[in-house]
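Contents: one structure, followed by commentary.
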Amino acid sequence: MLLYIHVPFCRSRCGYCSFYSGVLPQDQAGAGLMRGYIDGLLAEIGLWNERLGRVKLETVFFGGGTPSLLPARTVDQVLNRLRKLFILEAGAEISFEGNPESMLEFGYAAELAKAGVNRLSLGIQSLNEESLRLLGRPHTLKVALAAYDAARVCGIANINLDLLWGLPGQRLRLWLEELKSVIKLKPDHLSCYNLTLEEGTAMFAARERGELAFPDDQEQASIYAYGSEFLEAQGFLHYEISNYARMGFKCRHNLGYWEGHDYLGLGPAATSTIGDKRWTNPPDVRIWREQVATRRLGGEYESLDKSARVLELLMLRLRTDRGLRLQAYRKLTGRDFIADNKELIHGLHRKGMLRIKNGYISLTASGMLVSNSILEYLFSSTREKLALPGESSLRLE
């Protein structure tokens with residue numbers, strides 16, 4: 001089983017972020033909020049131990065929000081409780097998301113490593129000072145580089161850097177220059193996300209007012225394609241739509257999601273999927289704490305029917321370089337995927353956007369660029385052929 005821990009606090013809100021989090025006051029009120037969250041998290045771990053027993057944990061992922069606002073001693077406390085109440089496998093991947101400005105506290109990275117964190121995901125987002133300002137990031141380039149160096153010095157041997165592309169004013173030349181600078185840092189993994197703005201964020205509003213000029217579709221296609229080509233030439237395997245890794249450094253936690261493993265989410269707004277049940281904790285710290293205090297677990301359960309399982313199989317597997325195992329589709333539906341989608345598959349194959357090999361069908365880099373359109377077509381086609389309901393809660397991201 002995979003375990004995700006959501007930390008719902010940030011030092012400030014970034015202009016593009018739509019994840020659940022709140023600004024943590026730097027006073028006694030903030031300290032009280034943090035203590036309440038930690039108490040609730042430790043209690044929630046205990047309740048799930050009572051419900052599930054000592055299940056094996058393949059990976060642990062601290063996400064947010066900004067997990068690096070947690071005191072290092074708290075991370076140690078949480079991991080020790082997990083070791084006591086669950087079976088944390090030897091060599092388990094323990095990932096921790098950190099923002100540069102909060103990772104620079106003296107000795108913090110070393111204390112995380114001592115606690116057992118063995119993979120750091122550092123939210124640099126950009127090496128351009130103007131882009132950092134537009135995004136609302138609370139750090140400078142100098143701070144980002146110092147945080148990266150501090151993590152390396154303390155012995156964290158698996159470091160991912162988060163980067164955003166498709167930013168206002170960005171062009172292919174600038175993106176390639178940025179990637180060349182990033183490569184010199186010798187990270188083990190890169191997550192390069194296309195900036196996607198959702199309603200309710202500050203940057204979405206600014207775009208709607210015409211205050212920000214973004215690259216057009218053709219420029220964004222070039223940024224993605226040539227950026228991916230450059231990273232692969234530098235030894236990074238493009239193993240998922242937005243993720244690149246050196247040999248041996250794929251993110252095992254995220255691979256588990258994409259391969260359909262069970263996962264348990266702790267903390268407010270965290271989602272869990274175990275067997276054919278899915279639920280999401282309340283996206284509110286106070287309501288979540290009340291729920292834990294009254295020994296209630298999770299939110300309203302959703303049963304994953306055949307429709308959800310088939311469409312999710314397509315969406316998750318086709319995100320990865322390995323792709324969809326044709327036998328898995330046949331086992332779930334009783335049908336032949338290639339025969340069901342013959343015209344689309346032949347068309348994509350002719351254009352070099354799809355490959356079929358060793359019983360798997362996968363998208364090439366050019367196919368991944370338009371994966372949302374491909375998946376929308378497959379969703380519609382699959383619903384029709386399998387007589388599935390027309391609505392789905394799945395989101396294409």
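Labels used: A, B, ... for chains in the order of the structure tokens, numbers from 1 for residues in each chain, and numbers from 1 for ligands as shown.
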
Residues flagged strand (DSSP E or B) by DSSP in stretch 186-383 of chain A, as a VMD selection string: chain A and resid 189 to 194 237 to 240 243 to 245 263 to 266 271 to 274 277 to 280 302 to 303 320 324 to 325 354 to 357 360 to 363

Output for the residues just chosen: N, CA, C and O atoms as a compact mmCIF listing (two decimals), in the first residue's frame:
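Heads up, here's the output in again.txt:
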```
# COMPACT_ATOMS: atom_id res chain seq x y z
N HIS A 189 15.96 13.49 -10.74
CA HIS A 189 14.60 13.39 -11.28
C HIS A 189 14.11 14.80 -11.54
O HIS A 189 14.46 15.74 -10.82
N LEU A 190 13.31 14.96 -12.58
CA LEU A 190 12.69 16.24 -12.89
C LEU A 190 11.20 16.05 -13.13
O LEU A 190 10.79 15.14 -13.86
N SER A 191 10.39 16.89 -12.50
CA SER A 191 8.96 16.94 -12.79
C SER A 191 8.70 18.28 -13.47
O SER A 191 8.86 19.34 -12.85
N CYS A 192 8.36 18.23 -14.76
CA CYS A 192 8.19 19.44 -15.56
C CYS A 192 6.72 19.56 -15.94
O CYS A 192 6.24 18.86 -16.85
N TYR A 193 6.01 20.43 -15.25
CA TYR A 193 4.57 20.54 -15.43
C TYR A 193 4.19 21.75 -16.28
O TYR A 193 4.72 22.84 -16.08
N ASN A 194 3.27 21.53 -17.20
CA ASN A 194 2.69 22.64 -17.94
C ASN A 194 1.83 23.47 -16.99
O ASN A 194 0.98 22.92 -16.29
N LEU A 237 15.16 9.49 -18.58
CA LEU A 237 14.09 8.71 -19.20
C LEU A 237 12.77 9.44 -19.03
O LEU A 237 12.37 9.78 -17.92
N HIS A 238 12.08 9.69 -20.13
CA HIS A 238 10.77 10.33 -20.09
C HIS A 238 9.73 9.24 -19.83
O HIS A 238 9.14 8.68 -20.74
N TYR A 239 9.49 8.96 -18.54
CA TYR A 239 8.71 7.77 -18.19
C TYR A 239 7.24 8.05 -17.89
O TYR A 239 6.45 7.13 -17.67
N GLU A 240 6.87 9.32 -17.88
CA GLU A 240 5.48 9.71 -17.67
C GLU A 240 5.30 11.09 -18.28
O GLU A 240 6.28 11.79 -18.53
N ASN A 243 7.20 13.61 -16.22
CA ASN A 243 8.28 13.18 -15.34
C ASN A 243 9.44 12.53 -16.09
O ASN A 243 9.23 11.73 -17.02
N TYR A 244 10.64 12.85 -15.62
CA TYR A 244 11.89 12.41 -16.24
C TYR A 244 12.83 11.94 -15.13
O TYR A 244 12.96 12.61 -14.10
N ALA A 245 13.48 10.81 -15.34
CA ALA A 245 14.33 10.27 -14.28
C ALA A 245 15.60 9.66 -14.85
O ALA A 245 15.59 9.06 -15.92
N TYR A 263 -3.98 3.02 -2.15
CA TYR A 263 -3.28 4.08 -1.44
C TYR A 263 -4.18 4.69 -0.37
O TYR A 263 -5.39 4.79 -0.52
N LEU A 264 -3.54 5.05 0.74
CA LEU A 264 -4.24 5.64 1.88
C LEU A 264 -3.77 7.08 2.03
O LEU A 264 -2.57 7.35 2.07
N GLY A 265 -4.72 8.01 2.10
CA GLY A 265 -4.40 9.42 2.26
C GLY A 265 -4.77 9.90 3.66
O GLY A 265 -5.88 9.66 4.14
N LEU A 266 -3.83 10.57 4.31
CA LEU A 266 -4.04 11.12 5.65
C LEU A 266 -3.98 12.64 5.61
O LEU A 266 -3.26 13.22 4.80
N THR A 271 -7.05 12.03 -0.51
CA THR A 271 -7.90 11.00 -1.11
C THR A 271 -7.29 9.62 -0.91
O THR A 271 -6.07 9.46 -0.91
N SER A 272 -8.15 8.63 -0.72
CA SER A 272 -7.73 7.24 -0.56
C SER A 272 -8.49 6.36 -1.55
O SER A 272 -9.64 6.64 -1.89
N THR A 273 -7.84 5.29 -1.98
CA THR A 273 -8.50 4.27 -2.78
C THR A 273 -8.01 2.91 -2.30
O THR A 273 -6.82 2.61 -2.37
N ILE A 274 -8.93 2.12 -1.76
CA ILE A 274 -8.60 0.78 -1.28
C ILE A 274 -9.64 -0.18 -1.86
O ILE A 274 -10.84 -0.03 -1.59
N LYS A 277 -13.23 0.98 -3.27
CA LYS A 277 -13.77 2.12 -2.52
C LYS A 277 -12.82 3.31 -2.62
O LYS A 277 -11.61 3.17 -2.52
N ARG A 278 -13.39 4.49 -2.80
CA ARG A 278 -12.61 5.72 -2.84
C ARG A 278 -13.32 6.77 -1.98
O ARG A 278 -14.54 6.85 -1.96
N TRP A 279 -12.54 7.58 -1.30
CA TRP A 279 -13.10 8.65 -0.48
C TRP A 279 -12.06 9.75 -0.32
O TRP A 279 -10.87 9.54 -0.54
N THR A 280 -12.53 10.93 0.05
CA THR A 280 -11.66 12.07 0.26
C THR A 280 -11.97 12.71 1.61
O THR A 280 -13.14 12.96 1.93
N GLU A 302 -17.18 6.31 -2.24
CA GLU A 302 -17.63 6.14 -3.63
C GLU A 302 -17.22 4.75 -4.07
O GLU A 302 -16.06 4.36 -3.93
N SER A 303 -18.17 3.96 -4.56
CA SER A 303 -17.84 2.64 -5.08
C SER A 303 -17.38 2.78 -6.52
O SER A 303 -18.07 3.41 -7.34
N THR A 320 1.99 6.78 -18.88
CA THR A 320 3.34 6.29 -18.67
C THR A 320 3.98 5.78 -19.95
O THR A 320 3.30 5.46 -20.92
N LEU A 324 -0.49 0.92 -21.66
CA LEU A 324 -1.60 0.05 -21.30
C LEU A 324 -1.30 -1.39 -21.69
O LEU A 324 -0.99 -1.67 -22.85
N ARG A 325 -1.40 -2.28 -20.72
CA ARG A 325 -1.25 -3.72 -21.02
C ARG A 325 -2.57 -4.19 -21.64
O ARG A 325 -3.62 -4.12 -21.01
N LEU A 354 2.01 6.83 -31.36
CA LEU A 354 1.64 5.66 -30.58
C LEU A 354 2.52 4.49 -31.00
O LEU A 354 2.90 4.39 -32.16
N ARG A 355 2.82 3.62 -30.03
CA ARG A 355 3.60 2.42 -30.34
C ARG A 355 2.92 1.20 -29.71
O ARG A 355 2.25 1.31 -28.67
N ILE A 356 3.11 0.05 -30.34
CA ILE A 356 2.59 -1.21 -29.82
C ILE A 356 3.76 -2.18 -29.72
O ILE A 356 4.44 -2.44 -30.72
N LYS A 357 4.01 -2.70 -28.51
CA LYS A 357 5.18 -3.54 -28.32
C LYS A 357 4.98 -4.46 -27.12
O LYS A 357 4.57 -4.00 -26.05
N TYR A 360 1.85 -4.27 -25.03
CA TYR A 360 1.51 -2.97 -24.46
C TYR A 360 1.29 -1.96 -25.58
O TYR A 360 1.91 -2.05 -26.63
N ILE A 361 0.41 -0.99 -25.32
CA ILE A 361 0.22 0.10 -26.24
C ILE A 361 0.51 1.39 -25.48
O ILE A 361 0.02 1.58 -24.35
N SER A 362 1.36 2.25 -26.03
CA SER A 362 1.78 3.45 -25.30
C SER A 362 1.87 4.64 -26.25
O SER A 362 1.99 4.49 -27.47
N LEU A 363 1.83 5.82 -25.66
CA LEU A 363 1.95 7.06 -26.43
C LEU A 363 3.41 7.47 -26.52
O LEU A 363 4.18 7.32 -25.56
```

A:Lys186 surroundings by only C-alpha atoms, 12 Å radius, close-in-sequence under 2 positions cut, as a PyMOL selection string: chain A and resi 145+148-149+152+157-161+179-184+188-190+231+234-236+245-246

Could those selected residues go to a file with N, CA and C atoms, as a PDB file, in the first residue's frame?
```
ATOM      1  N   LEU A 145      18.952  27.541  -5.044  1.00  0.00           N
ATOM      2  CA  LEU A 145      20.210  26.835  -5.266  1.00  0.00           C
ATOM      3  C   LEU A 145      20.868  26.459  -3.932  1.00  0.00           C
ATOM      4  N   TYR A 148      19.075  23.396  -2.513  1.00  0.00           N
ATOM      5  CA  TYR A 148      19.488  22.186  -3.228  1.00  0.00           C
ATOM      6  C   TYR A 148      20.855  21.717  -2.724  1.00  0.00           C
ATOM      7  N   ASP A 149      21.798  22.632  -2.605  1.00  0.00           N
ATOM      8  CA  ASP A 149      23.134  22.275  -2.132  1.00  0.00           C
ATOM      9  C   ASP A 149      23.081  21.714  -0.714  1.00  0.00           C
ATOM     10  N   ARG A 152      21.952  18.106  -0.748  1.00  0.00           N
ATOM     11  CA  ARG A 152      23.011  17.220  -1.240  1.00  0.00           C
ATOM     12  C   ARG A 152      24.075  16.989  -0.165  1.00  0.00           C
ATOM     13  N   ALA A 157      20.232  11.369  -1.344  1.00  0.00           N
ATOM     14  CA  ALA A 157      20.809  10.926  -2.623  1.00  0.00           C
ATOM     15  C   ALA A 157      19.804  10.868  -3.760  1.00  0.00           C
ATOM     16  N   ASN A 158      18.553  11.210  -3.484  1.00  0.00           N
ATOM     17  CA  ASN A 158      17.516  11.158  -4.518  1.00  0.00           C
ATOM     18  C   ASN A 158      16.743  12.467  -4.458  1.00  0.00           C
ATOM     19  N   ILE A 159      17.048  13.375  -5.383  1.00  0.00           N
ATOM     20  CA  ILE A 159      16.417  14.699  -5.357  1.00  0.00           C
ATOM     21  C   ILE A 159      15.704  14.972  -6.674  1.00  0.00           C
ATOM     22  N   ASN A 160      14.436  15.339  -6.545  1.00  0.00           N
ATOM     23  CA  ASN A 160      13.633  15.778  -7.684  1.00  0.00           C
ATOM     24  C   ASN A 160      13.521  17.296  -7.642  1.00  0.00           C
ATOM     25  N   LEU A 161      13.520  17.909  -8.796  1.00  0.00           N
ATOM     26  CA  LEU A 161      13.247  19.336  -8.907  1.00  0.00           C
ATOM     27  C   LEU A 161      11.945  19.528  -9.670  1.00  0.00           C
ATOM     28  N   LEU A 179      16.684  24.547 -18.873  1.00  0.00           N
ATOM     29  CA  LEU A 179      16.978  23.129 -18.697  1.00  0.00           C
ATOM     30  C   LEU A 179      18.485  22.873 -18.686  1.00  0.00           C
ATOM     31  N   LYS A 180      19.238  23.588 -19.506  1.00  0.00           N
ATOM     32  CA  LYS A 180      20.698  23.427 -19.517  1.00  0.00           C
ATOM     33  C   LYS A 180      21.283  23.807 -18.161  1.00  0.00           C
ATOM     34  N   SER A 181      20.750  24.856 -17.548  1.00  0.00           N
ATOM     35  CA  SER A 181      21.211  25.266 -16.216  1.00  0.00           C
ATOM     36  C   SER A 181      20.809  24.238 -15.164  1.00  0.00           C
ATOM     37  N   VAL A 182      19.607  23.692 -15.298  1.00  0.00           N
ATOM     38  CA  VAL A 182      19.131  22.685 -14.338  1.00  0.00           C
ATOM     39  C   VAL A 182      19.997  21.434 -14.393  1.00  0.00           C
ATOM     40  N   ILE A 183      20.352  21.002 -15.584  1.00  0.00           N
ATOM     41  CA  ILE A 183      21.147  19.790 -15.758  1.00  0.00           C
ATOM     42  C   ILE A 183      22.504  19.917 -15.057  1.00  0.00           C
ATOM     43  N   LYS A 184      23.050  21.111 -15.031  1.00  0.00           N
ATOM     44  CA  LYS A 184      24.343  21.319 -14.375  1.00  0.00           C
ATOM     45  C   LYS A 184      24.277  21.038 -12.875  1.00  0.00           C
ATOM     46  N   ASP A 188      18.408  14.058  -9.810  1.00  0.00           N
ATOM     47  CA  ASP A 188      18.147  12.658 -10.155  1.00  0.00           C
ATOM     48  C   ASP A 188      16.822  12.498 -10.891  1.00  0.00           C
ATOM     49  N   HIS A 189      15.957  13.485 -10.738  1.00  0.00           N
ATOM     50  CA  HIS A 189      14.605  13.390 -11.275  1.00  0.00           C
ATOM     51  C   HIS A 189      14.109  14.800 -11.535  1.00  0.00           C
ATOM     52  N   LEU A 190      13.311  14.959 -12.583  1.00  0.00           N
ATOM     53  CA  LEU A 190      12.691  16.243 -12.888  1.00  0.00           C
ATOM     54  C   LEU A 190      11.195  16.047 -13.129  1.00  0.00           C
ATOM     55  N   LEU A 231      16.146  16.540 -22.632  1.00  0.00           N
ATOM     56  CA  LEU A 231      16.343  15.814 -21.379  1.00  0.00           C
ATOM     57  C   LEU A 231      16.690  14.340 -21.638  1.00  0.00           C
ATOM     58  N   GLN A 234      20.176  13.916 -22.401  1.00  0.00           N
ATOM     59  CA  GLN A 234      21.027  14.100 -21.223  1.00  0.00           C
ATOM     60  C   GLN A 234      20.921  12.933 -20.241  1.00  0.00           C
ATOM     61  N   GLY A 235      20.233  11.856 -20.652  1.00  0.00           N
ATOM     62  CA  GLY A 235      20.166  10.661 -19.819  1.00  0.00           C
ATOM     63  C   GLY A 235      18.953  10.561 -18.924  1.00  0.00           C
ATOM     64  N   PHE A 236      17.940  11.389 -19.168  1.00  0.00           N
ATOM     65  CA  PHE A 236      16.709  11.333 -18.376  1.00  0.00           C
ATOM     66  C   PHE A 236      15.644  10.568 -19.152  1.00  0.00           C
ATOM     67  N   ALA A 245      13.478  10.806 -15.340  1.00  0.00           N
ATOM     68  CA  ALA A 245      14.334  10.274 -14.284  1.00  0.00           C
ATOM     69  C   ALA A 245      15.599   9.662 -14.851  1.00  0.00           C
ATOM     70  N   ARG A 246      16.685   9.819 -14.105  1.00  0.00           N
ATOM     71  CA  ARG A 246      17.882   9.061 -14.421  1.00  0.00           C
ATOM     72  C   ARG A 246      17.628   7.608 -14.086  1.00  0.00           C
TER      73      ARG A 246
END
```

Test item: residues at most 9 Å from stretch 342-344 of chain A, only C-alpha atoms, excluding those fewer than 4 positions along its chain, as a list in words: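 That gives Phe337, Ile338, Leu348, His349, Ile374, Tyr377 and Leu378 of chain A.
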
Nearby residues (only C-alpha atoms) at most 10 Å from A:Arg137, same-chain spacing under 4 positions excluded, as an mmCIF file with N, CA, C and O atoms, in the first residue's frame:
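Dumped to result-v8.cif:
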```
data_model
loop_
_atom_site.group_PDB
_atom_site.id
_atom_site.type_symbol
_atom_site.label_atom_id
_atom_site.label_comp_id
_atom_site.auth_asym_id
_atom_site.auth_seq_id
_atom_site.Cartn_x
_atom_site.Cartn_y
_atom_site.Cartn_z
ATOM 1 N N ARG A 11 3.525 29.109 3.592
ATOM 2 C CA ARG A 11 3.956 30.410 4.103
ATOM 3 C C ARG A 11 3.205 31.537 3.393
ATOM 4 O O ARG A 11 2.933 32.588 3.958
ATOM 5 N N SER A 12 2.871 31.310 2.126
ATOM 6 C CA SER A 12 2.061 32.254 1.356
ATOM 7 C C SER A 12 1.415 31.468 0.218
ATOM 8 O O SER A 12 1.844 30.358 -0.101
ATOM 9 N N ARG A 13 0.384 32.033 -0.396
ATOM 10 C CA ARG A 13 -0.303 31.356 -1.491
ATOM 11 C C ARG A 13 0.316 31.760 -2.822
ATOM 12 O O ARG A 13 0.468 32.948 -3.123
ATOM 13 N N CYS A 14 0.684 30.757 -3.630
ATOM 14 C CA CYS A 14 1.203 31.034 -4.972
ATOM 15 C C CYS A 14 0.039 31.367 -5.900
ATOM 16 O O CYS A 14 -1.072 30.849 -5.733
ATOM 17 N N GLY A 15 0.311 32.188 -6.901
ATOM 18 C CA GLY A 15 -0.751 32.688 -7.760
ATOM 19 C C GLY A 15 -1.403 31.658 -8.649
ATOM 20 O O GLY A 15 -2.466 31.911 -9.217
ATOM 21 N N TYR A 16 -0.793 30.468 -8.796
ATOM 22 C CA TYR A 16 -1.317 29.441 -9.699
ATOM 23 C C TYR A 16 -1.885 28.236 -8.966
ATOM 24 O O TYR A 16 -2.477 27.351 -9.582
ATOM 25 N N ASN A 99 9.777 23.441 0.066
ATOM 26 C CA ASN A 99 10.015 24.709 -0.607
ATOM 27 C C ASN A 99 11.391 25.226 -0.222
ATOM 28 O O ASN A 99 11.803 25.094 0.937
ATOM 29 N N PRO A 100 12.124 25.815 -1.148
ATOM 30 C CA PRO A 100 13.502 26.223 -0.859
ATOM 31 C C PRO A 100 13.661 27.077 0.385
ATOM 32 O O PRO A 100 14.548 26.830 1.205
ATOM 33 N N GLU A 101 12.790 28.084 0.555
ATOM 34 C CA GLU A 101 12.982 29.016 1.670
ATOM 35 C C GLU A 101 12.797 28.351 3.027
ATOM 36 O O GLU A 101 13.426 28.747 4.017
ATOM 37 N N GLY A 123 10.582 22.294 -4.637
ATOM 38 C CA GLY A 123 9.735 23.121 -5.496
ATOM 39 C C GLY A 123 10.424 24.379 -5.979
ATOM 40 O O GLY A 123 10.062 25.496 -5.587
ATOM 41 N N ILE A 124 11.386 24.203 -6.865
ATOM 42 C CA ILE A 124 12.093 25.358 -7.427
ATOM 43 C C ILE A 124 11.183 26.118 -8.390
ATOM 44 O O ILE A 124 11.120 27.340 -8.386
ATOM 45 N N GLN A 125 10.487 25.410 -9.267
ATOM 46 C CA GLN A 125 9.508 25.914 -10.240
ATOM 47 C C GLN A 125 10.117 26.701 -11.401
ATOM 48 O O GLN A 125 9.680 26.560 -12.531
ATOM 49 N N SER A 126 11.122 27.522 -11.142
ATOM 50 C CA SER A 126 11.749 28.276 -12.230
ATOM 51 C C SER A 126 13.110 28.773 -11.772
ATOM 52 O O SER A 126 13.337 29.005 -10.583
ATOM 53 N N GLU A 129 14.140 34.805 -12.222
ATOM 54 C CA GLU A 129 13.653 35.629 -11.116
ATOM 55 C C GLU A 129 12.303 36.275 -11.431
ATOM 56 O O GLU A 129 11.418 36.334 -10.576
ATOM 57 N N SER A 131 9.987 35.144 -13.452
ATOM 58 C CA SER A 131 8.954 34.105 -13.417
ATOM 59 C C SER A 131 8.584 33.759 -11.979
ATOM 60 O O SER A 131 7.406 33.550 -11.662
ATOM 61 N N LEU A 132 9.574 33.678 -11.100
ATOM 62 C CA LEU A 132 9.297 33.401 -9.687
ATOM 63 C C LEU A 132 8.384 34.479 -9.108
ATOM 64 O O LEU A 132 7.466 34.186 -8.335
ATOM 65 N N ARG A 133 8.636 35.717 -9.474
ATOM 66 C CA ARG A 133 7.800 36.811 -8.969
ATOM 67 C C ARG A 133 6.368 36.684 -9.496
ATOM 68 O O ARG A 133 5.400 36.827 -8.741
#
```

Backbone DSSP call of helix (DSSP H, G or I) for stretch 323-368 of chain A, listed as an MDAnalysis selection string: chainID A and resid 326:333 337:340 342:350 365:368

With N, CA and C atoms retained, write the just-selected residues as a PDB file, in the first residue's frame.
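As a result, out-v4.pdb now contains:
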```
ATOM      1  N   LEU A 326      -2.491  -4.677 -22.862  1.00  0.00           N
ATOM      2  CA  LEU A 326      -3.706  -5.057 -23.585  1.00  0.00           C
ATOM      3  C   LEU A 326      -4.468  -6.170 -22.881  1.00  0.00           C
ATOM      4  N   GLN A 327      -3.736  -7.059 -22.222  1.00  0.00           N
ATOM      5  CA  GLN A 327      -4.391  -8.153 -21.517  1.00  0.00           C
ATOM      6  C   GLN A 327      -5.187  -7.634 -20.323  1.00  0.00           C
ATOM      7  N   ALA A 328      -4.704  -6.550 -19.690  1.00  0.00           N
ATOM      8  CA  ALA A 328      -5.424  -5.977 -18.553  1.00  0.00           C
ATOM      9  C   ALA A 328      -6.766  -5.405 -19.005  1.00  0.00           C
ATOM     10  N   TYR A 329      -6.783  -4.784 -20.177  1.00  0.00           N
ATOM     11  CA  TYR A 329      -8.037  -4.260 -20.728  1.00  0.00           C
ATOM     12  C   TYR A 329      -8.993  -5.403 -21.049  1.00  0.00           C
ATOM     13  N   ARG A 330      -8.457  -6.469 -21.656  1.00  0.00           N
ATOM     14  CA  ARG A 330      -9.305  -7.624 -21.999  1.00  0.00           C
ATOM     15  C   ARG A 330      -9.882  -8.274 -20.746  1.00  0.00           C
ATOM     16  N   LYS A 331      -9.048  -8.390 -19.702  1.00  0.00           N
ATOM     17  CA  LYS A 331      -9.493  -9.029 -18.463  1.00  0.00           C
ATOM     18  C   LYS A 331     -10.627  -8.251 -17.813  1.00  0.00           C
ATOM     19  N   LEU A 332     -10.548  -6.924 -17.879  1.00  0.00           N
ATOM     20  CA  LEU A 332     -11.550  -6.087 -17.228  1.00  0.00           C
ATOM     21  C   LEU A 332     -12.816  -5.948 -18.050  1.00  0.00           C
ATOM     22  N   THR A 333     -12.682  -5.948 -19.383  1.00  0.00           N
ATOM     23  CA  THR A 333     -13.840  -5.663 -20.246  1.00  0.00           C
ATOM     24  C   THR A 333     -14.318  -6.854 -21.065  1.00  0.00           C
ATOM     25  N   PHE A 337      -8.865  -4.275 -27.130  1.00  0.00           N
ATOM     26  CA  PHE A 337      -8.698  -2.826 -27.183  1.00  0.00           C
ATOM     27  C   PHE A 337      -8.365  -2.349 -28.593  1.00  0.00           C
ATOM     28  N   ILE A 338      -7.488  -3.065 -29.278  1.00  0.00           N
ATOM     29  CA  ILE A 338      -7.084  -2.641 -30.623  1.00  0.00           C
ATOM     30  C   ILE A 338      -8.260  -2.747 -31.596  1.00  0.00           C
ATOM     31  N   ALA A 339      -9.002  -3.833 -31.502  1.00  0.00           N
ATOM     32  CA  ALA A 339     -10.169  -3.978 -32.380  1.00  0.00           C
ATOM     33  C   ALA A 339     -11.219  -2.911 -32.079  1.00  0.00           C
ATOM     34  N   ASP A 340     -11.381  -2.572 -30.810  1.00  0.00           N
ATOM     35  CA  ASP A 340     -12.375  -1.563 -30.422  1.00  0.00           C
ATOM     36  C   ASP A 340     -12.006  -0.168 -30.912  1.00  0.00           C
ATOM     37  N   LYS A 342      -9.652   0.528 -33.617  1.00  0.00           N
ATOM     38  CA  LYS A 342      -8.780   0.274 -34.758  1.00  0.00           C
ATOM     39  C   LYS A 342      -8.445   1.536 -35.546  1.00  0.00           C
ATOM     40  N   GLU A 343      -9.446   2.329 -35.886  1.00  0.00           N
ATOM     41  CA  GLU A 343      -9.226   3.509 -36.726  1.00  0.00           C
ATOM     42  C   GLU A 343      -8.319   4.525 -36.016  1.00  0.00           C
ATOM     43  N   LEU A 344      -8.597   4.801 -34.748  1.00  0.00           N
ATOM     44  CA  LEU A 344      -7.784   5.754 -33.994  1.00  0.00           C
ATOM     45  C   LEU A 344      -6.353   5.251 -33.860  1.00  0.00           C
ATOM     46  N   ILE A 345      -6.180   3.990 -33.510  1.00  0.00           N
ATOM     47  CA  ILE A 345      -4.844   3.440 -33.296  1.00  0.00           C
ATOM     48  C   ILE A 345      -4.018   3.474 -34.569  1.00  0.00           C
ATOM     49  N   HIS A 346      -4.617   3.100 -35.686  1.00  0.00           N
ATOM     50  CA  HIS A 346      -3.889   3.139 -36.959  1.00  0.00           C
ATOM     51  C   HIS A 346      -3.486   4.566 -37.315  1.00  0.00           C
ATOM     52  N   GLY A 347      -4.402   5.519 -37.077  1.00  0.00           N
ATOM     53  CA  GLY A 347      -4.102   6.910 -37.382  1.00  0.00           C
ATOM     54  C   GLY A 347      -2.974   7.455 -36.514  1.00  0.00           C
ATOM     55  N   LEU A 348      -3.008   7.168 -35.220  1.00  0.00           N
ATOM     56  CA  LEU A 348      -1.962   7.636 -34.315  1.00  0.00           C
ATOM     57  C   LEU A 348      -0.623   6.963 -34.621  1.00  0.00           C
ATOM     58  N   HIS A 349      -0.680   5.685 -34.985  1.00  0.00           N
ATOM     59  CA  HIS A 349       0.550   4.957 -35.301  1.00  0.00           C
ATOM     60  C   HIS A 349       1.213   5.531 -36.545  1.00  0.00           C
ATOM     61  N   ARG A 350       0.417   5.871 -37.555  1.00  0.00           N
ATOM     62  CA  ARG A 350       0.961   6.453 -38.791  1.00  0.00           C
ATOM     63  C   ARG A 350       1.643   7.795 -38.512  1.00  0.00           C
ATOM     64  N   ALA A 365       6.243  10.667 -27.238  1.00  0.00           N
ATOM     65  CA  ALA A 365       6.295  12.025 -26.696  1.00  0.00           C
ATOM     66  C   ALA A 365       5.296  12.938 -27.411  1.00  0.00           C
ATOM     67  N   SER A 366       5.197  12.806 -28.732  1.00  0.00           N
ATOM     68  CA  SER A 366       4.241  13.649 -29.467  1.00  0.00           C
ATOM     69  C   SER A 366       2.804  13.263 -29.136  1.00  0.00           C
ATOM     70  N   GLY A 367       2.573  11.990 -28.851  1.00  0.00           N
ATOM     71  CA  GLY A 367       1.241  11.557 -28.436  1.00  0.00           C
ATOM     72  C   GLY A 367       0.886  12.067 -27.050  1.00  0.00           C
ATOM     73  N   MET A 368       1.881  12.074 -26.145  1.00  0.00           N
ATOM     74  CA  MET A 368       1.641  12.577 -24.795  1.00  0.00           C
ATOM     75  C   MET A 368       1.254  14.048 -24.810  1.00  0.00           C
TER      76      MET A 368
END
```

Residue neighbourhood stretch 75-83 of chain A, 10 Å, only C-alpha atoms, exclusion window fewer than 3 positions, as a PyMOL selection string: chain A and resi 3+5+38+41-42+45-46+49+54+56-57+60+62+67-68+70-72+86-89+94+96+111-117

Residue nearest A:Asn281 among A:Gly227, A:Arg295, A:Glu300, A:Met34 (counting only C-alpha atoms):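 The shortest atom-to-atom distance to A:Asn281 comes from A:Glu300.
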
Neighbour list for A:Asp216 as a list in words, cut-off 12 Å, only C-alpha atoms, skip fewer than 2 positions in-chain: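 Non-adjacent residues within range: Gly166, Leu167, Pro168, Gly169, Gln170, Arg171, Leu172, Ala213, Phe214, Gln218, Glu219, Gln220, Ala221, Ser222 and Ile223 of chain A.
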